[in-house]
Structures are given as C-alpha cells and as structure tokens.
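The data block below is protein-v4.cif; it holds mmCIF, C-alpha atoms and all ligand atoms.
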data_data
#
loop_
_atom_site.label_atom_id
_atom_site.label_comp_id
_atom_site.auth_asym_id
_atom_site.auth_seq_id
_atom_site.Cartn_x
_atom_site.Cartn_y
_atom_site.Cartn_z
CA ALA O 61 65.28 -48.00 6.25
CA LEU O 62 63.87 -51.37 5.34
CA THR O 63 60.71 -51.20 3.28
CA ALA O 64 57.99 -53.51 2.00
CA GLY O 65 56.74 -52.97 -1.55
CA ILE O 66 53.06 -53.27 -2.42
CA VAL O 67 52.45 -55.00 -5.73
CA GLY O 68 49.50 -56.55 -7.52
CA LEU O 69 47.69 -56.61 -10.86
CA PRO O 70 45.57 -53.60 -11.85
CA ASN O 71 42.19 -53.21 -10.09
CA VAL O 72 42.92 -55.47 -7.16
CA GLY O 73 42.84 -52.65 -4.58
CA LYS O 74 46.47 -51.54 -4.28
CA SER O 75 45.76 -47.82 -4.46
CA THR O 76 42.91 -48.19 -2.00
CA LEU O 77 45.24 -49.95 0.43
CA PHE O 78 48.05 -47.49 -0.16
CA ASN O 79 45.64 -44.60 0.48
CA ALA O 80 44.77 -46.20 3.78
CA ILE O 81 48.47 -46.36 4.60
CA THR O 82 49.20 -42.73 3.74
CA LYS O 83 46.07 -41.51 5.55
CA ALA O 84 47.04 -43.45 8.64
CA GLY O 85 50.57 -42.08 8.33
CA ALA O 86 49.34 -38.51 7.95
CA LEU O 87 47.78 -38.84 11.38
CA ALA O 88 51.11 -39.89 12.78
CA ALA O 89 52.38 -36.40 13.49
CA ASN O 90 55.76 -37.69 14.60
CA TYR O 91 56.81 -38.41 11.04
CA PRO O 92 56.69 -35.17 9.09
CA PHE O 93 59.05 -36.62 6.50
CA ALA O 94 56.25 -39.00 5.50
CA THR O 95 55.35 -36.83 2.53
CA ILE O 96 58.72 -36.54 0.78
CA ASP O 97 58.22 -39.42 -1.66
CA PRO O 98 54.63 -39.88 -2.85
CA ASN O 99 55.26 -43.59 -3.33
CA VAL O 100 56.34 -44.13 0.25
CA GLY O 101 53.83 -44.35 3.08
CA ILE O 102 55.06 -44.27 6.66
CA VAL O 103 52.96 -45.87 9.37
CA GLU O 104 53.36 -46.29 13.09
CA VAL O 105 53.96 -49.83 14.27
CA PRO O 106 51.17 -50.69 16.70
CA ASP O 107 52.57 -52.10 19.93
CA ALA O 108 50.53 -52.62 23.09
CA ARG O 109 53.74 -52.78 25.12
CA LEU O 110 54.36 -49.12 24.40
CA ASP O 111 51.00 -48.20 25.95
CA LYS O 112 51.82 -50.25 29.01
CA LEU O 113 55.22 -48.58 29.41
CA THR O 114 53.56 -45.20 29.07
CA GLU O 115 51.22 -46.14 31.93
CA LEU O 116 54.18 -47.18 34.08
CA VAL O 117 56.54 -44.28 33.38
CA VAL O 118 54.05 -41.46 32.66
CA PRO O 119 56.40 -39.63 30.29
CA LYS O 120 55.82 -36.24 28.66
CA LYS O 121 55.71 -37.89 25.27
CA THR O 122 55.32 -41.35 23.72
CA VAL O 123 56.73 -42.12 20.29
CA PRO O 124 56.02 -45.36 18.42
CA THR O 125 58.44 -46.69 15.87
CA ALA O 126 57.65 -46.38 12.18
CA PHE O 127 57.57 -48.61 9.15
CA GLU O 128 57.66 -47.80 5.43
CA PHE O 129 55.57 -49.19 2.62
CA THR O 130 56.40 -48.45 -1.00
CA ASP O 131 53.70 -48.39 -3.65
CA ILE O 132 54.91 -50.22 -6.75
CA ALA O 133 52.26 -49.74 -9.39
CA GLY O 134 52.37 -50.99 -12.91
CA ILE O 135 52.85 -54.70 -13.19
CA VAL O 136 51.17 -56.34 -16.16
CA GLU O 137 51.70 -59.61 -17.89
CA GLY O 138 54.90 -59.34 -19.95
CA ALA O 139 56.67 -56.99 -17.53
CA SER O 140 59.84 -59.06 -17.67
CA LYS O 141 59.88 -58.45 -21.43
CA GLY O 142 59.61 -54.75 -20.78
CA GLU O 143 55.89 -54.45 -21.48
CA GLY O 144 53.91 -51.69 -19.80
CA LEU O 145 56.13 -50.08 -17.22
CA GLY O 146 57.82 -53.46 -16.94
CA ASN O 147 61.45 -52.59 -16.49
CA LYS O 148 60.77 -49.71 -14.18
CA PHE O 149 58.48 -51.90 -12.16
CA LEU O 150 61.09 -54.60 -11.73
CA ALA O 151 63.75 -52.04 -10.82
CA HIS O 152 61.49 -50.76 -8.05
CA ILE O 153 60.93 -54.24 -6.69
CA ARG O 154 64.69 -54.74 -6.62
CA GLU O 155 64.92 -51.88 -4.12
CA VAL O 156 62.45 -53.20 -1.57
CA ASP O 157 63.24 -55.73 1.14
CA ALA O 158 59.95 -57.64 1.18
CA ILE O 159 56.94 -57.88 -1.10
CA CYS O 160 53.28 -57.53 -0.14
CA GLN O 161 51.24 -58.91 -2.99
CA VAL O 162 47.64 -57.70 -3.04
CA VAL O 163 45.30 -60.33 -4.46
CA ARG O 164 41.74 -59.63 -5.50
CA CYS O 165 39.36 -61.85 -3.55
CA PHE O 166 36.19 -59.81 -4.04
CA ASP O 167 33.53 -60.05 -6.72
CA ASP O 168 32.26 -56.81 -8.18
CA GLU O 169 30.76 -56.68 -11.66
CA ASN O 170 31.44 -52.98 -11.88
CA ILE O 171 35.15 -53.39 -11.47
CA THR O 172 36.88 -54.93 -14.42
CA HIS O 173 39.33 -57.69 -13.82
CA VAL O 174 42.33 -57.60 -16.18
CA SER O 175 41.93 -61.21 -17.22
CA GLY O 176 38.13 -61.14 -17.23
CA LYS O 177 37.44 -63.17 -14.12
CA VAL O 178 38.36 -63.20 -10.47
CA ASP O 179 40.90 -65.97 -10.01
CA PRO O 180 43.44 -65.22 -7.29
CA ILE O 181 45.77 -68.13 -7.99
CA SER O 182 46.09 -67.31 -11.65
CA ASP O 183 46.71 -63.65 -10.67
CA ILE O 184 49.44 -64.67 -8.26
CA GLU O 185 50.99 -66.88 -10.90
CA VAL O 186 51.03 -64.06 -13.45
CA ILE O 187 52.98 -61.82 -11.11
CA ASN O 188 55.26 -64.49 -9.74
CA LEU O 189 56.07 -65.66 -13.25
CA GLU O 190 57.19 -62.16 -14.28
CA LEU O 191 59.51 -62.07 -11.31
CA ILE O 192 60.81 -65.56 -12.05
CA LEU O 193 61.49 -64.68 -15.71
CA ALA O 194 63.38 -61.55 -14.68
CA ASP O 195 65.47 -63.63 -12.28
CA LEU O 196 66.09 -66.27 -14.92
CA GLU O 197 67.49 -63.59 -17.18
CA SER O 198 69.85 -62.27 -14.48
CA VAL O 199 71.02 -65.76 -13.59
CA ASP O 200 71.56 -66.74 -17.22
CA LYS O 201 73.72 -63.70 -17.85
CA ARG O 202 75.78 -64.28 -14.77
CA LEU O 203 76.11 -67.99 -15.31
CA ALA O 204 77.70 -67.49 -18.74
CA ARG O 205 80.44 -65.42 -17.11
CA VAL O 206 80.84 -67.61 -14.05
CA ILE O 207 81.26 -70.80 -16.11
CA LYS O 208 84.19 -69.22 -17.96
CA MET O 209 85.80 -68.06 -14.74
CA ALA O 210 85.26 -71.44 -13.06
CA LYS O 211 87.11 -73.09 -15.93
CA GLN O 212 90.07 -70.87 -15.09
CA LYS O 213 89.81 -72.18 -11.52
CA ASP O 214 88.49 -68.95 -10.05
CA LYS O 215 87.55 -70.00 -6.51
CA ASP O 216 84.48 -67.76 -6.09
CA ALA O 217 83.17 -68.75 -9.47
CA MET O 218 83.56 -72.42 -8.61
CA VAL O 219 81.42 -71.91 -5.52
CA GLU O 220 78.87 -69.86 -7.40
CA GLU O 221 78.38 -72.02 -10.46
CA PRO O 222 76.41 -74.87 -8.86
CA ILE O 223 74.28 -72.36 -6.95
CA LEU O 224 73.39 -70.52 -10.13
CA THR O 225 72.65 -73.79 -11.86
CA ARG O 226 70.21 -74.83 -9.15
CA LEU O 227 68.50 -71.47 -9.33
CA LYS O 228 68.26 -71.68 -13.10
CA GLU O 229 66.65 -75.12 -12.85
CA ALA O 230 64.11 -73.81 -10.34
CA PHE O 231 63.26 -70.79 -12.49
CA GLU O 232 62.88 -72.95 -15.57
CA ALA O 233 60.46 -75.13 -13.62
CA GLY O 234 58.45 -71.99 -12.77
CA LYS O 235 59.60 -71.95 -9.14
CA SER O 236 60.82 -69.02 -7.11
CA GLY O 237 64.28 -68.64 -5.57
CA ARG O 238 62.54 -68.77 -2.19
CA SER O 239 61.54 -72.37 -2.82
CA VAL O 240 65.12 -73.61 -3.22
CA ASP O 241 66.79 -74.97 -0.09
CA PHE O 242 70.19 -73.39 0.43
CA SER O 243 72.66 -73.71 3.26
CA GLU O 244 73.47 -70.55 5.18
CA GLU O 245 76.74 -70.21 3.34
CA GLU O 246 75.07 -70.61 -0.03
CA LEU O 247 72.42 -68.10 1.01
CA ARG O 248 75.12 -65.49 1.46
CA VAL O 249 76.10 -65.96 -2.18
CA VAL O 250 72.45 -65.94 -3.26
CA LYS O 251 71.81 -62.65 -1.43
CA GLY O 252 74.58 -61.03 -3.44
CA LEU O 253 72.69 -61.80 -6.65
CA HIS O 254 69.89 -59.33 -5.85
CA LEU O 255 67.18 -61.61 -7.14
CA LEU O 256 63.51 -60.71 -6.95
CA THR O 257 62.08 -64.10 -6.05
CA ILE O 258 64.32 -64.49 -3.03
CA LYS O 259 62.64 -61.62 -1.22
CA PRO O 260 60.13 -62.61 1.45
CA MET O 261 56.54 -62.47 0.20
CA LEU O 262 53.31 -61.79 2.02
CA TYR O 263 49.94 -62.27 0.34
CA VAL O 264 47.25 -59.70 1.07
CA ALA O 265 43.81 -61.10 0.26
CA ASN O 266 41.51 -58.17 -0.44
CA VAL O 267 37.92 -59.22 0.31
CA SER O 268 34.59 -57.41 0.12
CA GLU O 269 33.00 -55.42 2.91
CA ASP O 270 30.55 -58.29 3.56
CA ASP O 271 33.16 -61.02 3.63
CA ILE O 272 35.39 -59.31 6.15
CA MET O 273 32.59 -59.62 8.70
CA ALA O 274 31.71 -63.21 7.91
CA ASP O 275 33.33 -65.88 10.02
CA ASP O 276 33.69 -68.30 7.16
CA GLU O 277 36.30 -67.40 4.63
CA ASN O 278 35.39 -66.99 1.04
CA GLU O 279 36.66 -69.63 -1.34
CA TYR O 280 39.13 -67.24 -2.96
CA VAL O 281 40.84 -66.70 0.37
CA GLU O 282 40.93 -70.42 1.03
CA LYS O 283 42.71 -70.91 -2.28
CA VAL O 284 45.23 -68.19 -1.52
CA ARG O 285 45.88 -69.74 1.88
CA ALA O 286 46.54 -73.14 0.36
CA PHE O 287 48.88 -71.63 -2.21
CA ALA O 288 50.78 -69.62 0.39
CA ALA O 289 51.07 -72.57 2.75
CA ASP O 290 52.78 -74.45 -0.03
CA GLU O 291 55.38 -71.69 -0.28
CA GLY O 292 55.63 -71.18 3.47
CA ALA O 293 54.27 -67.65 3.00
CA GLU O 294 51.79 -65.79 5.17
CA VAL O 295 48.34 -64.43 4.25
CA ILE O 296 46.62 -61.35 5.65
CA VAL O 297 42.92 -60.85 4.92
CA ILE O 298 41.77 -57.26 4.62
CA CYS O 299 39.03 -55.18 3.06
CA ALA O 300 40.97 -52.32 1.53
CA ARG O 301 37.86 -50.13 1.27
CA ILE O 302 37.13 -50.42 4.96
CA GLU O 303 40.79 -49.82 5.80
CA GLU O 304 40.67 -46.62 3.78
CA GLU O 305 37.61 -45.41 5.68
CA MET O 306 39.08 -46.41 8.99
CA ALA O 307 42.51 -44.86 8.41
CA ALA O 308 41.07 -41.37 8.73
CA LEU O 309 39.59 -42.09 12.16
CA GLU O 310 41.14 -41.24 15.52
CA ASP O 311 42.05 -44.15 17.79
CA GLU O 312 38.86 -44.11 19.82
CA GLU O 313 36.55 -43.95 16.82
CA LYS O 314 38.60 -46.67 15.23
CA SER O 315 38.13 -49.01 18.19
CA MET O 316 34.38 -48.42 18.09
CA PHE O 317 34.27 -49.08 14.37
CA LEU O 318 36.22 -52.31 14.76
CA GLU O 319 33.94 -53.42 17.56
CA GLU O 320 30.91 -52.81 15.38
CA LEU O 321 32.44 -54.95 12.68
CA GLY O 322 33.35 -57.61 15.22
CA ILE O 323 37.04 -57.43 14.30
CA LYS O 324 39.85 -57.44 16.85
CA GLU O 325 42.56 -55.73 14.90
CA SER O 326 42.44 -53.67 11.72
CA GLY O 327 43.80 -55.33 8.60
CA LEU O 328 46.31 -52.55 8.24
CA ASP O 329 47.68 -53.15 11.73
CA GLN O 330 47.96 -56.86 10.96
CA LEU O 331 49.73 -56.04 7.72
CA ILE O 332 52.18 -53.71 9.45
CA LYS O 333 53.02 -56.30 12.08
CA ALA O 334 53.39 -59.14 9.59
CA SER O 335 55.62 -57.08 7.29
CA TYR O 336 57.74 -56.01 10.21
CA SER O 337 58.39 -59.55 11.33
CA LEU O 338 58.81 -60.77 7.74
CA LEU O 339 61.76 -58.41 7.49
CA GLY O 340 63.30 -59.81 10.65
CA LEU O 341 62.70 -56.59 12.54
CA ALA O 342 62.21 -56.27 16.27
CA THR O 343 61.61 -53.47 18.78
CA TYR O 344 63.45 -52.22 21.81
CA PHE O 345 62.31 -49.41 24.06
CA THR O 346 63.78 -46.43 25.83
CA ALA O 347 61.71 -45.35 28.79
CA GLY O 348 62.58 -42.03 30.39
CA VAL O 349 60.30 -39.45 31.98
CA GLN O 350 60.79 -37.15 28.99
CA GLU O 351 59.98 -39.76 26.43
CA VAL O 352 58.95 -43.38 26.14
CA ARG O 353 59.86 -44.58 22.71
CA ALA O 354 60.00 -47.68 20.52
CA TRP O 355 62.96 -48.24 18.19
CA THR O 356 63.34 -50.69 15.33
CA PHE O 357 66.36 -52.93 14.96
CA ARG O 358 67.22 -56.05 13.01
CA LYS O 359 67.16 -59.27 14.99
CA GLY O 360 70.72 -60.22 15.83
CA MET O 361 72.00 -56.66 16.21
CA LYS O 362 74.30 -56.01 19.18
CA ALA O 363 73.92 -53.26 21.76
CA PRO O 364 76.25 -50.67 20.12
CA GLN O 365 74.51 -51.03 16.74
CA CYS O 366 71.15 -50.68 18.43
CA ALA O 367 72.37 -47.54 20.16
CA GLY O 368 73.35 -46.33 16.70
CA VAL O 369 69.70 -46.50 15.65
CA ILE O 370 69.11 -43.54 17.96
CA HIS O 371 72.23 -41.63 16.98
CA SER O 372 75.54 -42.56 15.38
CA ASP O 373 77.38 -40.89 18.32
CA PHE O 374 75.75 -43.39 20.65
CA GLU O 375 77.32 -46.21 18.69
CA LYS O 376 80.76 -44.62 18.43
CA GLY O 377 80.97 -43.74 22.11
CA PHE O 378 79.15 -46.83 23.41
CA ILE O 379 80.30 -47.94 26.88
CA ARG O 380 77.55 -50.22 28.10
CA ALA O 381 73.80 -50.61 28.37
CA GLU O 382 71.49 -51.01 31.31
CA THR O 383 68.88 -53.49 30.21
CA VAL O 384 65.68 -54.93 31.55
CA ALA O 385 63.31 -57.22 29.69
CA TYR O 386 59.87 -55.72 29.12
CA ASP O 387 58.12 -58.55 31.02
CA ASP O 388 60.42 -58.12 34.02
CA LEU O 389 59.83 -54.39 34.12
CA VAL O 390 56.07 -54.82 33.96
CA ALA O 391 56.13 -57.60 36.57
CA THR O 392 58.14 -55.52 39.04
CA GLY O 393 56.23 -52.32 38.26
CA SER O 394 59.06 -49.79 38.01
CA MET O 395 62.70 -49.35 37.09
CA VAL O 396 63.62 -48.99 40.77
CA ALA O 397 61.75 -52.16 41.73
CA ALA O 398 63.29 -54.01 38.80
CA LYS O 399 66.75 -52.98 40.01
CA GLU O 400 65.99 -54.15 43.54
CA ALA O 401 64.80 -57.46 42.18
CA GLY O 402 68.08 -57.84 40.30
CA LYS O 403 66.35 -57.76 36.92
CA VAL O 404 68.36 -54.89 35.50
CA ARG O 405 71.50 -56.14 33.78
CA LEU O 406 74.64 -54.33 32.71
CA GLU O 407 75.49 -55.41 29.19
CA GLY O 408 78.51 -54.71 27.02
CA LYS O 409 79.44 -54.50 23.35
CA GLU O 410 78.71 -58.13 22.58
CA TYR O 411 75.17 -58.18 23.95
CA VAL O 412 72.61 -59.26 21.36
CA VAL O 413 69.57 -57.09 21.98
CA GLN O 414 66.25 -58.94 22.36
CA ASP O 415 62.81 -57.90 21.21
CA GLY O 416 61.15 -56.03 24.07
CA ASP O 417 64.34 -55.00 25.85
CA VAL O 418 64.11 -51.68 27.66
CA MET O 419 67.50 -50.03 27.16
CA LEU O 420 69.46 -47.23 28.73
CA PHE O 421 72.71 -46.56 26.88
CA ARG O 422 75.87 -45.20 28.53
CA PHE O 423 78.25 -43.57 26.11
CA ASN O 424 81.16 -41.13 25.80
CA VAL O 425 80.68 -38.00 23.78
P1 LIG Y 501 44.56 -50.89 -8.10
O1 LIG Y 501 44.46 -50.74 -9.57
O2 LIG Y 501 45.06 -52.24 -7.71
O3 LIG Y 501 45.29 -49.79 -7.44
O4 LIG Y 501 43.06 -50.89 -7.55
P2 LIG Y 501 42.22 -49.75 -6.85
O5 LIG Y 501 42.64 -49.57 -5.45
O6 LIG Y 501 42.17 -48.53 -7.72
O7 LIG Y 501 40.81 -50.46 -6.82
C1 LIG Y 501 40.12 -50.78 -8.01
C2 LIG Y 501 38.64 -50.72 -7.75
O8 LIG Y 501 38.29 -51.73 -6.81
C3 LIG Y 501 38.21 -49.39 -7.15
O9 LIG Y 501 36.96 -49.04 -7.72
C4 LIG Y 501 38.07 -49.72 -5.68
O10 LIG Y 501 37.09 -48.89 -5.06
C5 LIG Y 501 37.62 -51.15 -5.71
N1 LIG Y 501 38.00 -51.83 -4.48
C6 LIG Y 501 39.22 -51.80 -3.87
N2 LIG Y 501 39.19 -52.49 -2.73
C7 LIG Y 501 37.94 -52.97 -2.60
C8 LIG Y 501 37.28 -53.77 -1.62
O11 LIG Y 501 37.86 -54.15 -0.59
N3 LIG Y 501 35.97 -54.06 -1.85
C9 LIG Y 501 35.31 -53.65 -2.98
N4 LIG Y 501 34.04 -53.97 -3.16
N5 LIG Y 501 35.89 -52.89 -3.90
C10 LIG Y 501 37.18 -52.55 -3.72
#
Here is the file; what I need is its structure written in the form of structure tokens.
Amino acid sequence: ALTAGIVGLPNVGKSTLFNAITKAGALAANYPFATIDPNVGIVEVPDARLDKLTELVVPKKTVPTAFEFTDIAGIVEGASKGEGLGNKFLAHIREVDAICQVVRCFDDENITHVSGKVDPISDIEVINLELILADLESVDKRLARVIKMAKQKDKDAMVEEPILTRLKEAFEAGKSGRSVDFSEEELRVVKGLHLLTIKPMLYVANVSEDDIMADDENEYVEKVRAFAADEGAEVIVICARIEEEMAALEDEEKSMFLEELGIKESGLDQLIKASYSLLGLATYFTAGVQEVRAWTFRKGMKAPQCAGVIHSDFEKGFIRAETVAYDDLVATGSMVAAKEAGKVRLEGKEYVVQDGDVMLFRFNV
C-alpha cells in the first residue's frame, strides 16, 4: 500500500499528531491489522459520497477505504552524515511514497526548540538540506559510474548522464529534485533513482490551540505558506493537541466539538485527504445491498487492475464492468433508475476508471 511518512525536527508535535492518527485508526474497527507495525497508523479516508451512497442503497454494512501514515522519528541536523539515527531515518524515508513534514508554528516557553527559537523556515531548511545532501551523495556515486559507461557508448548511460548532472547542479545549489523540470521521459529515469527529494511533500503547520480558532493566520503559518507556494507544495494547518483529543471521540461528539471551535473539518481529515491526493490516489465504490464500500486505486488504473484491488481473482477473470458515475447515480436516485436513464455503461478491459465511479465487476472464476 502507498504510505505517507511523517517527519519533522524534535518537539514540533509529530508524536502528538501520530497519536491522533493511531487513536482515530483504533476506532476504525474495520482495520484490525492496524496494530501490526507500531510505526504505521491506519486511518479511514473521510468521504461524504460514501454516506450518500449508504442512504441510497441502505446496505447491511458500509466500509470506507483506508490510508496509511508512517511515523519516521529521528531526524536531526547532520542526518545525512549519519548523525543521530541519521542513516536509519533516511532509509525509512526512502520507503515512503510522500512526505508530510510537521513544522512547529506554536510558541510555548515550556517546550524546548532544538535550535533555541521557533523559526519554521529555518526548520524546514534543516530537514530539506539533509534530504538534499543524501540525494547528492547517491547522484555523485551513480554519476561516476554512468560517465564511464557513457564513454563506452552505453545507450542508457548516455541518456542518464545529463539528467544526473542537472540533478547534481540543483542539489549543489541547495534545491530539491522536485524543483527541477523534467520531461515525462526523463521523469521515468529519475524515478528509478529512488531519490528522497523527488517525493511529493506536504507541509503540516502545527499551531497552538488559540491560533487554530483565530481567523487570521499566525505569522509562522504565513511564512510556511509562502515557502510552500514557491515549491508548489501544499500546507495544512492543524493543532496536533486538539487533534489528539478529538481522535478519541465518536463521530457525533466530534462534530459538536468542531462546531464549538468553529472549524468545518478536522485537521486530521484535511491531512488524510491531502495526502491521498498528493499520492495520486482516487476512490471508486461498490454498492450492493450487503455492503457499500470505497476502494482506493491509482489514477490512471484500468478496470481489471481496479478489480484486482478487491481480489486478484477479479483481475485474472475480468470480463467487463458495469459502471455509473457517482453524480449520475445520485441524480437518478437508484441503480434501476440510472439504468433506465441510460447512465449505466458497460466497460471493458481498456476502461480507465474515474474517481467516484460506482463499479460492478463481471468475472470468470
Ligand atoms: P515530537 O518530538 O515532534 O514528536 O513532538 P511531540 O509530539 O512530543 O510534542 C512536543 C511537545 O509539544 C509536547 O509537550 C506536546 O504536548 C507539545 N505540543 C505538540 N503539539 C502541540 C500543539 O499543537 N500546541 C501546543 N501548545 N503544544 C503542542
């Protein structure tokens, strides 16, 4: 499964946020495997469409789709040189598909800041620099080999050399791999390098209890926003402490709590949604009377692959899919009405499934 890693300097609120995630996940009874790895927290992906489908179909059971966060503790300045848990830390980041970087945007004299003062941009730069240095090292090593091979007219090496050189220049200028413009073809080569700074990044601004209720943003958040905009990255503002309190509440209590705070959606829900879309994930539904359920797929996946998300036999024996777009189903009011209105399509192996499709797979066993 695709996962987003949570990183950040010490004392910025990572554990508090991760606690909120595991508490919220513990309530999600559908995912008993949530406790296997203590560093992985599984949460349900909030989706109002699933509630609507449940209203329409009135199934025995409704099952949301899930998403995994991985807690990656232990970054300190010098990690790329192996300081602290440096190497282990970087190895863990290599395994995740996107990075959520928690940034401290709250003042609190009682909580020490590693560098002595709250300064979100300098914090971000410390972490990003460690990742850049690690990438520079990988690229340097590879480049030495690739240059030799390119001299011997190795075709792949000749394609790779200029790409590596551009990356090296970016890293040496303190820039991430993300900031370099590559063509789609070049990107395929870049992906094979397993770099850290090419992974999509989301900044999580952790603000105080008071600031989360204020309409105006605190100046730390404004700075983070400006920095992220420059990189084309997204920012989510949360108060990790409040999220931790809220995660233990049942849905109804949670809504009341949010209303009291004057917040529409919990920070955790926003974070889940943003991470999900950052990873290029989308949702299709199955809607039978036994079960209405949301399933995660990668944008661009075709019908048989999507069927394979449910069970590998569904992919192997795939014949066709009956498909109706969520909006069409809701507009017509039922599967029968949607059929009568000609909104239910028969789709074959080449159909690229769309976010919100309601699917019924036909397959051979
Ligand atoms: P980590 O080292 O990044 O995992 O940070 P922790 O989650 O352990 O948090 C460090 C300290 O900051 C703890 O005392 C938390 O209670 C506190 N803290 C975390 N989030 C918030 C927050 O949103 N507001 C305030 N005031 N304190 C927080």
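A straight line drawn from CA of Arg164 in chain O to CA of Val72 in chain O is 4.6 Å long.
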May I ask you to write as a PDB file with C-alpha atoms, keeping the file's coordinate frame all residues lying at most 10 Å from ligand LIG 501 (chain Y), with only C-alpha atoms and all ligand atoms counted?
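part_11.pdb written:
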ATOM      1  CA  ILE O  66      53.060 -53.270  -2.420  1.00  0.00           C
ATOM      2  CA  VAL O  67      52.450 -55.000  -5.730  1.00  0.00           C
ATOM      3  CA  GLY O  68      49.500 -56.550  -7.520  1.00  0.00           C
ATOM      4  CA  LEU O  69      47.690 -56.610 -10.860  1.00  0.00           C
ATOM      5  CA  PRO O  70      45.570 -53.600 -11.850  1.00  0.00           C
ATOM      6  CA  ASN O  71      42.190 -53.210 -10.090  1.00  0.00           C
ATOM      7  CA  VAL O  72      42.920 -55.470  -7.160  1.00  0.00           C
ATOM      8  CA  GLY O  73      42.840 -52.650  -4.580  1.00  0.00           C
ATOM      9  CA  LYS O  74      46.470 -51.540  -4.280  1.00  0.00           C
ATOM     10  CA  SER O  75      45.760 -47.820  -4.460  1.00  0.00           C
ATOM     11  CA  THR O  76      42.910 -48.190  -2.000  1.00  0.00           C
ATOM     12  CA  LEU O  77      45.240 -49.950   0.430  1.00  0.00           C
ATOM     13  CA  PHE O  78      48.050 -47.490  -0.160  1.00  0.00           C
ATOM     14  CA  ASN O  79      45.640 -44.600   0.480  1.00  0.00           C
ATOM     15  CA  ASP O 131      53.700 -48.390  -3.650  1.00  0.00           C
ATOM     16  CA  ILE O 132      54.910 -50.220  -6.750  1.00  0.00           C
ATOM     17  CA  ALA O 133      52.260 -49.740  -9.390  1.00  0.00           C
ATOM     18  CA  GLY O 134      52.370 -50.990 -12.910  1.00  0.00           C
ATOM     19  CA  ILE O 135      52.850 -54.700 -13.190  1.00  0.00           C
ATOM     20  CA  VAL O 162      47.640 -57.700  -3.040  1.00  0.00           C
ATOM     21  CA  VAL O 163      45.300 -60.330  -4.460  1.00  0.00           C
ATOM     22  CA  ARG O 164      41.740 -59.630  -5.500  1.00  0.00           C
ATOM     23  CA  CYS O 165      39.360 -61.850  -3.550  1.00  0.00           C
ATOM     24  CA  PHE O 166      36.190 -59.810  -4.040  1.00  0.00           C
ATOM     25  CA  ASP O 167      33.530 -60.050  -6.720  1.00  0.00           C
ATOM     26  CA  ASP O 168      32.260 -56.810  -8.180  1.00  0.00           C
ATOM     27  CA  GLU O 169      30.760 -56.680 -11.660  1.00  0.00           C
ATOM     28  CA  ASN O 170      31.440 -52.980 -11.880  1.00  0.00           C
ATOM     29  CA  ILE O 171      35.150 -53.390 -11.470  1.00  0.00           C
ATOM     30  CA  THR O 172      36.880 -54.930 -14.420  1.00  0.00           C
ATOM     31  CA  HIS O 173      39.330 -57.690 -13.820  1.00  0.00           C
ATOM     32  CA  VAL O 174      42.330 -57.600 -16.180  1.00  0.00           C
ATOM     33  CA  ALA O 265      43.810 -61.100   0.260  1.00  0.00           C
ATOM     34  CA  ASN O 266      41.510 -58.170  -0.440  1.00  0.00           C
ATOM     35  CA  VAL O 267      37.920 -59.220   0.310  1.00  0.00           C
ATOM     36  CA  SER O 268      34.590 -57.410   0.120  1.00  0.00           C
ATOM     37  CA  GLU O 269      33.000 -55.420   2.910  1.00  0.00           C
ATOM     38  CA  ASP O 270      30.550 -58.290   3.560  1.00  0.00           C
ATOM     39  CA  ASP O 271      33.160 -61.020   3.630  1.00  0.00           C
ATOM     40  CA  ILE O 272      35.390 -59.310   6.150  1.00  0.00           C
ATOM     41  CA  ILE O 298      41.770 -57.260   4.620  1.00  0.00           C
ATOM     42  CA  CYS O 299      39.030 -55.180   3.060  1.00  0.00           C
ATOM     43  CA  ALA O 300      40.970 -52.320   1.530  1.00  0.00           C
ATOM     44  CA  ARG O 301      37.860 -50.130   1.270  1.00  0.00           C
ATOM     45  CA  ILE O 302      37.130 -50.420   4.960  1.00  0.00           C
ATOM     46  CA  GLU O 303      40.790 -49.820   5.800  1.00  0.00           C
ATOM     47  CA  GLU O 304      40.670 -46.620   3.780  1.00  0.00           C
TER      48      GLU O 304
END
(request) Find the residues with any atom within 8 Å of (70.7, -54.8, 35.3); use all atoms listed in the file and the coordinates as given in the file, and write the answer as number ranges by chain. (result) O: 382-384, 399, 402-407
(message) So that I can check the surroundings of range 244-254 of chain O, please list as a list in words every protein, DNA and RNA residue that reaches within 8 Å of it, counting only C-alpha atoms and ignoring chain neighbours fewer than 6 positions away.
(response)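 Selected residues are Arg154, Glu220 and Ile223 of chain O.
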Can you build me a table of range 90-189 of chain O residues sitting at most 12 Å from range 228-241 of chain O, with the closest atom pair per residue and its distance in Å to one decimal, using all atoms listed in the file, sorted by chain and residue number, as a Markdown table?
| residue | atom | partner | partner_atom | distance |
| --- | --- | --- | --- | --- |
| O:Ala158 | CA | O:Arg238 | CA | 11.9 |
| O:Glu185 | CA | O:Gly234 | CA | 9.2 |
| O:Val186 | CA | O:Gly234 | CA | 10.9 |
| O:Ile187 | CA | O:Ser236 | CA | 11.4 |
| O:Asn188 | CA | O:Ser236 | CA | 7.6 |
| O:Leu189 | CA | O:Gly234 | CA | 6.8 |
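For His371 in chain O, the residues within 12 Å (counting only C-alpha atoms, excluding itself and residues fewer than 5 positions away along the chain) are Trp355, Pro364, Gln365, Cys366, Lys376, Gly377, Phe378, Phe421, Phe423 and Val425 of chain O.
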(request) Can you work out the spacing between CA of Glu351 in chain O and CA of Thr122 in chain O in Å, to one decimal? (result)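 Distance between the two atoms: 5.6 Å.
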(request) Between CA of Ala398 in chain O and CA of Leu116 in chain O, measure the distance and give it in Å to one decimal. (result) 12.3 Å
Can you give me N, CA and C atoms for range 405-414 of chain O, written as a compact mmCIF listing (two decimals), in the coordinates of the input?
# COMPACT_ATOMS: atom_id res chain seq x y z
N ARG O 405 70.16 -55.61 34.07
CA ARG O 405 71.50 -56.14 33.78
C ARG O 405 72.38 -55.05 33.19
N LEU O 406 73.69 -55.17 33.43
CA LEU O 406 74.64 -54.33 32.71
C LEU O 406 75.18 -55.15 31.55
N GLU O 407 75.05 -54.65 30.36
CA GLU O 407 75.49 -55.41 29.19
C GLU O 407 76.52 -54.61 28.40
N GLY O 408 77.44 -55.36 27.78
CA GLY O 408 78.51 -54.71 27.02
C GLY O 408 78.33 -54.80 25.52
N LYS O 409 79.46 -54.61 24.82
CA LYS O 409 79.44 -54.50 23.35
C LYS O 409 78.94 -55.73 22.63
N GLU O 410 79.06 -56.89 23.28
CA GLU O 410 78.71 -58.13 22.58
C GLU O 410 77.26 -58.55 22.82
N TYR O 411 76.54 -57.78 23.62
CA TYR O 411 75.17 -58.18 23.95
C TYR O 411 74.26 -58.11 22.73
N VAL O 412 73.57 -59.22 22.46
CA VAL O 412 72.61 -59.26 21.36
C VAL O 412 71.25 -58.82 21.92
N VAL O 413 70.80 -57.68 21.44
CA VAL O 413 69.57 -57.09 21.98
C VAL O 413 68.36 -57.95 21.61
N GLN O 414 67.44 -58.10 22.56
CA GLN O 414 66.25 -58.94 22.36
C GLN O 414 65.02 -58.07 22.15
